[in-house]
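Novice: My structure file query-v9.csv, CSV, C-alpha atoms, is below:
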chain,number,residue,atom,x,y,z
A,13,MET,CA,-21.7,-17.6,16.0
A,14,ALA,CA,-25.2,-16.6,15.1
A,15,THR,CA,-26.8,-18.7,12.4
A,16,LYS,CA,-26.6,-17.1,9.1
A,17,LYS,CA,-28.4,-17.6,5.8
A,18,GLN,CA,-29.9,-21.1,5.8
A,19,VAL,CA,-28.7,-23.5,3.1
A,20,ASN,CA,-30.7,-26.2,1.4
A,21,PRO,CA,-29.7,-29.6,2.9
A,22,THR,CA,-29.2,-31.3,-0.5
A,23,ARG,CA,-26.4,-33.2,-2.0
A,24,MET,CA,-25.9,-30.6,-4.7
A,25,GLU,CA,-25.6,-27.8,-2.1
A,26,LEU,CA,-23.1,-30.0,-0.2
A,27,THR,CA,-20.9,-30.4,-3.3
A,28,LYS,CA,-21.2,-26.6,-3.9
A,29,GLN,CA,-20.2,-25.8,-0.4
A,30,LYS,CA,-17.3,-28.3,-0.4
A,31,LYS,CA,-16.0,-26.7,-3.6
A,32,LYS,CA,-16.3,-23.3,-2.0
A,33,LEU,CA,-14.4,-24.4,1.0
A,34,ALA,CA,-11.6,-25.9,-1.1
A,35,THR,CA,-11.3,-22.6,-3.1
A,36,ALA,CA,-11.4,-20.5,0.1
A,37,VAL,CA,-8.7,-22.6,1.8
A,38,ARG,CA,-6.5,-22.5,-1.3
A,39,GLY,CA,-7.0,-18.7,-1.7
A,40,HIS,CA,-6.3,-18.2,2.0
A,41,LYS,CA,-3.0,-20.0,1.7
A,42,LEU,CA,-1.9,-18.1,-1.4
A,43,LEU,CA,-2.9,-14.7,0.0
A,44,LYS,CA,-1.2,-15.5,3.3
A,45,ASP,CA,2.0,-16.3,1.4
A,46,LYS,CA,1.6,-13.1,-0.6
A,47,ARG,CA,1.1,-11.1,2.5
A,48,ASP,CA,4.1,-12.6,4.3
A,49,GLU,CA,6.4,-12.0,1.3
A,50,LEU,CA,5.1,-8.5,0.8
A,51,MET,CA,5.6,-7.8,4.5
A,52,ARG,CA,9.2,-9.1,4.4
A,53,GLN,CA,10.1,-6.9,1.5
A,54,PHE,CA,8.2,-3.9,2.9
A,55,LEU,CA,10.1,-4.1,6.2
A,56,ASP,CA,13.4,-4.1,4.4
A,57,LEU,CA,12.3,-1.2,2.2
A,58,VAL,CA,10.9,0.9,5.0
A,59,ARG,CA,14.1,0.6,7.0
A,60,GLU,CA,16.0,1.9,4.0
A,61,ASN,CA,13.3,4.6,3.6
A,62,ARG,CA,13.9,5.7,7.2
A,63,ALA,CA,17.6,5.9,6.8
A,64,LEU,CA,17.4,7.7,3.5
A,65,ARG,CA,14.9,10.2,4.8
A,66,GLU,CA,17.2,11.0,7.8
A,67,LYS,CA,20.1,11.5,5.4
A,68,VAL,CA,18.1,13.6,2.9
A,69,GLU,CA,16.5,15.8,5.6
A,70,GLN,CA,19.9,16.5,7.1
A,71,GLY,CA,21.4,17.2,3.7
A,72,ILE,CA,18.7,19.5,2.6
A,73,ALA,CA,18.7,21.3,6.0
A,74,LYS,CA,22.5,21.9,5.5
A,75,ALA,CA,21.9,23.1,1.9
A,76,ASN,CA,19.2,25.4,3.0
A,77,LYS,CA,21.5,26.9,5.6
A,78,ASP,CA,24.1,27.4,3.0
A,79,PHE,CA,21.7,29.1,0.7
A,80,VAL,CA,20.5,31.4,3.4
A,81,LEU,CA,24.1,32.3,4.1
A,82,ALA,CA,24.8,32.8,0.4
A,83,ARG,CA,21.8,35.1,-0.1
A,84,ALA,CA,22.7,37.1,2.9
A,85,GLY,CA,25.8,38.3,1.0
A,86,MET,CA,24.2,38.9,-2.3
A,87,GLU,CA,21.5,41.1,-3.8
A,88,ASP,CA,18.2,39.4,-4.5
A,89,GLU,CA,18.4,40.3,-8.2
A,90,GLU,CA,21.8,38.7,-8.5
A,91,VAL,CA,20.6,35.5,-7.0
A,92,ASN,CA,17.7,35.5,-9.4
A,93,ALA,CA,19.9,36.2,-12.3
A,94,ALA,CA,22.2,33.4,-11.4
A,95,PHE,CA,19.4,30.8,-11.4
A,96,ILE,CA,17.4,32.1,-14.2
A,97,ALA,CA,18.7,29.8,-16.9
A,98,PRO,CA,19.6,26.4,-15.5
A,99,ALA,CA,22.5,24.7,-17.2
A,100,GLN,CA,21.4,21.3,-16.3
A,101,ASN,CA,18.1,19.6,-17.0
A,102,VAL,CA,17.2,16.3,-15.4
A,103,SER,CA,14.5,14.0,-16.8
A,104,LEU,CA,13.4,10.6,-15.7
A,105,GLU,CA,13.0,7.3,-17.3
A,106,VAL,CA,10.5,5.3,-15.3
A,107,GLU,CA,10.1,1.6,-15.4
A,108,PHE,CA,7.8,-0.5,-13.3
A,109,LYS,CA,9.0,-3.5,-11.4
A,110,ASN,CA,6.5,-6.0,-10.3
A,111,VAL,CA,6.9,-7.0,-6.6
A,112,MET,CA,4.3,-9.5,-5.7
A,113,SER,CA,1.8,-7.9,-8.1
A,114,VAL,CA,2.5,-4.4,-6.8
A,115,GLU,CA,3.9,-2.2,-9.6
A,116,VAL,CA,6.6,-0.2,-8.0
A,117,PRO,CA,8.5,2.5,-10.0
A,118,VAL,CA,12.2,2.4,-10.8
A,119,PHE,CA,13.7,5.8,-11.8
A,120,GLU,CA,16.6,6.4,-14.0
A,121,THR,CA,17.9,9.9,-14.5
A,122,LYS,CA,19.0,11.4,-17.7
A,123,THR,CA,20.9,14.7,-17.6
A,124,ARG,CA,20.8,17.0,-20.5
A,125,THR,CA,24.5,17.7,-20.5
A,126,ALA,CA,27.0,14.8,-20.5
A,127,ASP,CA,28.6,15.9,-17.2
A,128,ALA,CA,26.2,15.4,-14.4
A,129,ASN,CA,28.2,17.8,-12.4
A,130,ASP,CA,27.5,20.7,-14.7
A,131,ILE,CA,25.3,22.4,-12.3
A,132,TYR,CA,26.5,25.9,-12.0
A,133,SER,CA,24.2,28.0,-14.1
A,134,TYR,CA,26.2,31.2,-13.7
A,135,GLY,CA,29.6,32.7,-14.2
A,136,TYR,CA,31.5,33.0,-11.0
A,137,ALA,CA,32.2,36.7,-11.3
A,138,PHE,CA,29.1,38.2,-9.7
A,139,THR,CA,28.2,35.5,-7.2
A,140,SER,CA,29.6,34.8,-3.8
A,141,SER,CA,31.5,31.6,-3.2
A,142,ASP,CA,29.0,30.7,-0.6
A,143,LEU,CA,26.5,30.2,-3.4
A,144,ASP,CA,28.8,27.6,-5.0
A,145,GLY,CA,29.0,25.8,-1.8
A,146,ALA,CA,25.3,25.8,-1.4
A,147,VAL,CA,24.7,24.5,-4.9
A,148,SER,CA,27.3,21.8,-4.4
A,149,SER,CA,25.8,20.7,-1.1
A,150,LEU,CA,22.4,20.4,-2.7
A,151,SER,CA,23.7,18.4,-5.6
A,152,ASP,CA,25.4,16.0,-3.1
A,153,VAL,CA,22.1,15.1,-1.6
A,154,PHE,CA,20.3,14.7,-4.9
A,155,THR,CA,21.1,11.1,-5.6
A,156,ASP,CA,19.7,10.2,-2.2
A,157,MET,CA,16.7,12.3,-2.8
A,158,LEU,CA,15.9,10.4,-6.0
A,159,ARG,CA,16.4,7.0,-4.3
A,160,LEU,CA,14.2,8.3,-1.5
A,161,ALA,CA,11.4,9.1,-4.0
A,162,GLU,CA,11.7,5.6,-5.4
A,163,VAL,CA,11.7,3.9,-2.0
A,164,GLU,CA,9.1,6.0,-0.4
A,165,LYS,CA,6.7,5.6,-3.3
A,166,SER,CA,7.3,1.8,-3.3
A,167,CYS,CA,6.6,1.7,0.4
A,168,GLN,CA,3.4,3.6,0.0
A,169,LEU,CA,2.1,1.3,-2.7
A,170,MET,CA,3.2,-1.8,-0.8
A,171,ALA,CA,1.7,-0.7,2.4
A,172,SER,CA,-1.7,-0.2,0.9
A,173,GLU,CA,-1.5,-3.5,-0.9
A,174,ILE,CA,-0.5,-5.3,2.3
A,175,GLU,CA,-3.5,-3.7,4.1
A,176,LYS,CA,-5.8,-5.0,1.3
A,177,THR,CA,-4.3,-8.4,1.4
A,178,ARG,CA,-4.5,-8.6,5.1
A,179,ARG,CA,-8.2,-7.8,5.0
A,180,ARG,CA,-8.8,-10.5,2.4
A,181,VAL,CA,-6.8,-13.0,4.4
A,182,ASN,CA,-8.8,-12.2,7.5
A,183,ALA,CA,-12.1,-12.3,5.7
A,184,LEU,CA,-11.3,-15.7,4.4
A,185,GLU,CA,-10.0,-17.0,7.6
A,186,HIS,CA,-12.7,-15.7,9.9
A,187,VAL,CA,-15.8,-15.6,7.8
A,188,MET,CA,-15.7,-17.5,4.5
A,189,ILE,CA,-14.0,-20.7,5.7
A,190,PRO,CA,-15.9,-21.1,9.0
A,191,THR,CA,-19.2,-20.4,7.2
A,192,ALA,CA,-18.5,-23.0,4.6
A,193,GLN,CA,-17.4,-25.5,7.2
A,194,GLU,CA,-20.5,-24.9,9.3
A,195,ASN,CA,-22.7,-25.3,6.2
A,196,ILE,CA,-21.1,-28.5,5.3
A,197,LYS,CA,-21.5,-29.9,8.8
A,198,TYR,CA,-25.1,-28.8,8.8
A,199,ILE,CA,-25.9,-30.4,5.5
A,200,GLN,CA,-24.1,-33.6,6.3
A,201,MET,CA,-26.0,-34.0,9.6
A,202,LYS,CA,-29.3,-33.2,8.0
A,203,LEU,CA,-28.6,-35.8,5.3
A,204,ASP,CA,-27.6,-38.4,7.8
A,205,GLU,CA,-30.7,-37.7,9.8
A,206,ASN,CA,-32.9,-38.1,6.7
A,207,GLU,CA,-31.2,-41.3,5.9
A,208,ARG,CA,-31.8,-42.7,9.4
A,209,SER,CA,-35.4,-41.7,9.3
A,210,THR,CA,-35.8,-43.4,5.9
A,211,GLN,CA,-34.2,-46.5,7.2
A,212,ILE,CA,-36.5,-46.7,10.2
A,213,ARG,CA,-39.5,-46.0,8.0
A,214,LEU,CA,-38.5,-48.9,5.7
A,215,MET,CA,-38.0,-51.2,8.7
A,216,LYS,CA,-41.4,-50.3,10.0
A,217,VAL,CA,-43.1,-50.8,6.6
A,218,LYS,CA,-41.3,-54.1,6.2
A,219,ASP,CA,-42.7,-55.2,9.6
A,220,MET,CA,-46.1,-54.1,8.7
A,221,MET,CA,-46.0,-56.0,5.4
A,222,LEU,CA,-44.7,-59.1,6.9
A,223,GLU,CA,-47.4,-58.9,9.5
A,224,GLU,CA,-50.0,-58.6,6.8
A,225,ALA,CA,-48.6,-61.6,4.9
A,226,HIS,CA,-48.0,-64.0,7.7
A,227,HIS,CA,-50.3,-62.8,10.6
A,228,TYR,CA,-47.5,-63.4,13.1
A,229,LYS,CA,-49.3,-61.7,15.9
A,230,GLU,CA,-52.4,-63.8,15.6
A,231,LYS,CA,-50.3,-66.9,15.5
A,232,ILE,CA,-48.5,-66.0,18.6
A,233,GLU,CA,-51.7,-65.2,20.4
A,234,GLU,CA,-53.2,-68.5,19.2
A,235,ARG,CA,-50.2,-70.4,20.5
A,236,GLY,CA,-50.5,-68.6,23.8
A,237,ARG,CA,-54.1,-69.5,24.1
A,238,GLU,CA,-53.3,-73.2,23.3
A,239,ALA,CA,-50.7,-73.2,26.0
A,240,MET,CA,-53.0,-71.8,28.5
A,241,GLY,CA,-56.0,-73.9,27.6
A,242,GLU,CA,-54.1,-77.1,27.6
B,3,MET,CA,10.3,11.0,-20.4
B,4,TYR,CA,9.1,12.2,-17.0
B,5,LYS,CA,10.0,15.4,-15.2
B,6,ILE,CA,11.0,16.1,-11.6
B,7,GLY,CA,9.3,19.0,-9.9
B,8,VAL,CA,9.8,20.9,-6.7
B,9,LEU,CA,6.8,22.6,-5.1
B,10,GLY,CA,6.9,25.1,-2.2
B,11,ASP,CA,7.7,28.6,-1.2
B,12,ARG,CA,10.3,30.2,-3.4
B,13,ASP,CA,13.0,30.6,-0.7
B,14,SER,CA,13.0,26.9,0.0
B,15,ILE,CA,13.2,25.6,-3.5
B,16,TYR,CA,14.9,28.0,-5.9
B,17,GLY,CA,18.2,26.2,-5.4
B,18,PHE,CA,16.9,23.0,-7.0
B,19,ALA,CA,16.7,24.8,-10.3
B,20,THR,CA,20.5,24.5,-10.6
B,21,LEU,CA,20.2,20.7,-10.4
B,22,GLY,CA,18.0,20.7,-13.4
B,23,LEU,CA,14.7,20.2,-11.5
B,24,GLU,CA,11.7,22.3,-12.3
B,25,VAL,CA,10.7,24.6,-9.5
B,26,TRP,CA,7.1,25.7,-8.9
B,27,PRO,CA,7.2,28.5,-6.4
B,28,VAL,CA,3.8,29.1,-4.8
B,29,THR,CA,2.8,31.4,-2.0
B,30,THR,CA,-0.7,30.2,-0.9
B,31,PRO,CA,-2.0,26.7,-0.1
B,32,GLU,CA,-4.7,27.1,-2.8
B,33,GLU,CA,-2.1,27.9,-5.4
B,34,GLY,CA,-0.1,24.9,-4.2
B,35,GLU,CA,-3.0,22.6,-4.5
B,36,ARG,CA,-3.7,23.8,-8.0
B,37,ALA,CA,-0.1,23.5,-9.0
B,38,LEU,CA,0.1,20.0,-7.5
B,39,LYS,CA,-2.9,18.8,-9.5
B,40,GLU,CA,-1.5,20.4,-12.7
B,41,MET,CA,1.9,18.8,-12.1
B,42,ALA,CA,0.3,15.4,-11.5
B,43,GLY,CA,-1.4,15.6,-14.8
B,44,THR,CA,1.5,16.8,-16.9
B,45,GLY,CA,4.2,14.1,-16.8
B,46,TYR,CA,5.9,14.6,-13.5
B,47,ALA,CA,7.1,11.4,-12.0
B,48,VAL,CA,8.5,12.9,-8.8
B,49,ILE,CA,7.2,15.9,-7.0
B,50,TYR,CA,9.2,17.2,-4.0
B,51,ILE,CA,7.0,19.3,-1.8
B,52,THR,CA,8.0,21.3,1.2
B,53,GLU,CA,6.7,20.0,4.5
B,54,SER,CA,5.2,23.3,5.4
B,55,LEU,CA,3.1,23.3,2.3
B,56,TYR,CA,2.3,19.7,2.7
B,57,GLU,CA,0.9,20.4,6.1
B,58,GLN,CA,-1.5,22.9,4.6
B,59,ILE,CA,-2.8,20.6,1.8
B,60,PRO,CA,-2.6,17.1,3.2
B,61,GLU,CA,-5.7,15.8,1.4
B,62,ALA,CA,-4.4,16.8,-2.1
B,63,VAL,CA,-1.1,15.0,-1.4
B,64,LEU,CA,-2.7,11.9,0.0
B,65,ALA,CA,-4.9,11.7,-3.0
B,66,GLU,CA,-1.8,11.2,-5.2
B,67,ARG,CA,-0.7,8.3,-3.0
B,68,GLU,CA,-3.2,5.9,-4.7
B,69,HIS,CA,-1.6,6.3,-8.1
B,70,ASN,CA,1.6,4.7,-9.4
B,71,LEU,CA,2.9,8.1,-10.3
B,72,PRO,CA,3.8,10.7,-9.3
B,73,ALA,CA,5.6,10.1,-6.1
B,74,VAL,CA,5.0,13.1,-3.9
B,75,ILE,CA,7.8,13.3,-1.4
B,76,PRO,CA,7.9,15.8,1.5
B,77,ILE,CA,11.2,17.6,2.1
B,78,PRO,CA,12.2,20.1,4.7
B,79,GLY,CA,11.9,23.8,3.7
B,80,VAL,CA,14.0,26.7,4.7
B,81,SER,CA,11.8,27.3,7.7
B,82,GLY,CA,12.8,23.9,9.1
B,83,ASN,CA,11.6,20.5,9.5
B,84,THR,CA,8.0,19.8,10.7
B,85,GLY,CA,8.6,16.1,11.0
B,86,ARG,CA,5.7,15.3,8.6
B,87,GLY,CA,7.9,13.2,6.3
B,88,MET,CA,9.1,10.9,9.1
B,89,ALA,CA,5.6,10.8,10.6
B,90,ASP,CA,4.3,9.6,7.2
B,91,VAL,CA,6.9,6.7,7.1
B,92,LYS,CA,5.8,5.8,10.6
B,93,ARG,CA,2.2,5.8,9.5
B,94,LEU,CA,3.0,3.5,6.6
B,95,VAL,CA,4.4,0.9,8.9
B,96,GLU,CA,1.3,1.2,11.1
B,97,GLN,CA,-0.8,0.8,8.0
B,98,ALA,CA,1.0,-2.3,6.8
B,99,VAL,CA,1.9,-4.1,10.0
B,100,GLY,CA,-0.8,-2.9,12.3
B,101,SER,CA,1.5,-1.4,14.9
B,102,ASP,CA,4.8,0.5,14.6
B,103,ILE,CA,7.6,-2.0,14.9
B,104,ILE,CA,10.4,0.1,13.2
B,105,PHE,CA,10.3,3.4,15.2
B,106,ASN,CA,9.2,1.9,18.5
B,107,GLY,CA,6.9,4.4,19.9
Here is a file; write its structure as structure tokens.

Specialist:
Amino acid sequence: MATKKQVNPTRMELTKQKKKLATAVRGHKLLKDKRDELMRQFLDLVRENRALREKVEQGIAKANKDFVLARAGMEDEEVNAAFIAPAQNVSLEVEFKNVMSVEVPVFETKTRTADANDIYSYGYAFTSSDLDGAVSSLSDVFTDMLRLAEVEKSCQLMASEIEKTRRRVNALEHVMIPTAQENIKYIQMKLDENERSTQIRLMKVKDMMLEEAHHYKEKIEERGREAMGE
Amino acid sequence: MYKIGVLGDRDSIYGFATLGLEVWPVTTPEEGERALKEMAGTGYAVIYITESLYEQIPEAVLAEREHNLPAVIPIPGVSGNTGRGMADVKRLVEQAVGSDIIFNG
């Protein structure tokens, strides 16, 4: 890895870097756990999403077919008149559930009339029975449609959260932590090096001072001369 | 109290009115985009949109993805299924996992 921004090889910086490393390691662990748990829940949810979508798409396709059939046997105006004033009105109560810090919606339906099956907004006199069948096939699929909305929205929110978390985990794992480790190593080596050089300098100075005080060298030379001259 | 809306061409969606959903028939993509924005701002929690309309205004739909509400859900219209809804689920898996491990392919 290319050397990045240089750090000051001081003890203060070393403490700072060590703290940074500890935070990064802890954050990495937590985020990794979050990602794994989100992923687990997401996979369950997305499987349900897929199954529901298949079901809903089939159901709506069938309902559409029924509607086309019903319209074929009726005047356009009659169809319009039949649907002009819906008997039923659905509203939603939305609560949010917190899944690993992702706020996912939970829907609860409220129908205006007490009977949720009160869906035929017309008298049966002027409409074909095909229309009744079409409306009923659409209402069959509605519960699944609602659940699909809930699940699919949750999947979307969770997927983007997982993506974000994964990026953070990777940034910590591959950038923050190695950088901090490298910095710590660099500072420690530099400090050690400084210490050694100070030690050597002291030893040298001590030697010099001792020499000055006791004149060892001269004494050794003198002794040597005496031995030779003797 | 939130509402549920259905957006698309009239033939595909008028049936939903009987269920008590609010239908927003539109004929052009521009109209659809405007309607979608209006619905998002006026208390709709769920918006079902026909896949054919979705295909024409994907940016507007994807922009709503980021928010907690509304949930914009593609459904097949009367002209058939474009497969966009399923493709989106598949894309979600790819976004989250990195590769598609649910649909295998």

Novice: Considering all atoms listed in the file, state which residue in the set A:Ala84, A:Leu43, A:Val19, A:Leu203 is at the smallest distance from Asp142 in chain A.

Specialist: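 Closest to Asp142 in chain A of all the choices is A:Ala84.
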
Novice: Distance limit 7 Å, atoms considered: all atoms listed in the file. Which chain A residues sit that close to chain B? Return them as a PDB file with C-alpha atoms, in the coordinates of the input.

Specialist:
ATOM      1  CA  GLU A  69      16.500  15.800   5.600  1.00  0.00           C
ATOM      2  CA  ILE A  72      18.700  19.500   2.600  1.00  0.00           C
ATOM      3  CA  ALA A  73      18.700  21.300   6.000  1.00  0.00           C
ATOM      4  CA  ASN A  76      19.200  25.400   3.000  1.00  0.00           C
ATOM      5  CA  PHE A  95      19.400  30.800 -11.400  1.00  0.00           C
ATOM      6  CA  PRO A  98      19.600  26.400 -15.500  1.00  0.00           C
ATOM      7  CA  ALA A  99      22.500  24.700 -17.200  1.00  0.00           C
ATOM      8  CA  GLN A 100      21.400  21.300 -16.300  1.00  0.00           C
ATOM      9  CA  ASN A 101      18.100  19.600 -17.000  1.00  0.00           C
ATOM     10  CA  VAL A 102      17.200  16.300 -15.400  1.00  0.00           C
ATOM     11  CA  SER A 103      14.500  14.000 -16.800  1.00  0.00           C
ATOM     12  CA  LEU A 104      13.400  10.600 -15.700  1.00  0.00           C
ATOM     13  CA  GLU A 105      13.000   7.300 -17.300  1.00  0.00           C
ATOM     14  CA  ILE A 131      25.300  22.400 -12.300  1.00  0.00           C
ATOM     15  CA  TYR A 132      26.500  25.900 -12.000  1.00  0.00           C
ATOM     16  CA  SER A 133      24.200  28.000 -14.100  1.00  0.00           C
ATOM     17  CA  VAL A 147      24.700  24.500  -4.900  1.00  0.00           C
ATOM     18  CA  SER A 151      23.700  18.400  -5.600  1.00  0.00           C
ATOM     19  CA  ALA A 161      11.400   9.100  -4.000  1.00  0.00           C
ATOM     20  CA  LYS A 165       6.700   5.600  -3.300  1.00  0.00           C
ATOM     21  CA  GLN A 168       3.400   3.600   0.000  1.00  0.00           C
ATOM     22  CA  ALA A 171       1.700  -0.700   2.400  1.00  0.00           C
ATOM     23  CA  SER A 172      -1.700  -0.200   0.900  1.00  0.00           C
ATOM     24  CA  ILE A 174      -0.500  -5.300   2.300  1.00  0.00           C
ATOM     25  CA  GLU A 175      -3.500  -3.700   4.100  1.00  0.00           C
TER      26      GLU A 175
END

Novice: Excluding Met188 in chain A and any residue of its chain fewer than 3 positions from it, enumerate the residues within 10 Å of it, using only C-alpha atoms, and give them as a VMD selection string.

Specialist: chain A and resid 32 to 33 36 to 37 40 181 to 185 191 to 193

Novice: Around range 3-12 of chain B, fit a box with edges along x, y and z, padding it by 8 Å on each side, then list its centre and edge lengths in Å to one decimal as lines of an AutoDock Vina configuration file.

Specialist:
center_x = 8.9
center_y = 20.6
center_z = -10.8
size_x = 20.2
size_y = 35.2
size_z = 35.2

Novice: In Å, how far is it from CA of Lys39 in chain B to CA of Thr52 in chain B?

Specialist: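 For CA of Lys39 in chain B relative to CA of Thr52 in chain B, the distance reads 15.5 Å.
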
Novice: When you draw a straight line from CA of Asp48 in chain A to CA of Cys167 in chain A, how long is it in Å?

Specialist: 15.0 Å

Novice: What is the CA of Arg159 in chain A to CA of Phe54 in chain A distance in Å?

Specialist: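 Value for the CA of Arg159 in chain A-CA of Phe54 in chain A distance: 15.4 Å.
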
Novice: Find the residues around Met157 in chain A up to 9 Å (all atoms listed in the file counted), leave out those fewer than 6 positions away in its own chain, and share them as a VMD selection string.

Specialist: chain A and resid 64 to 65 67 to 68
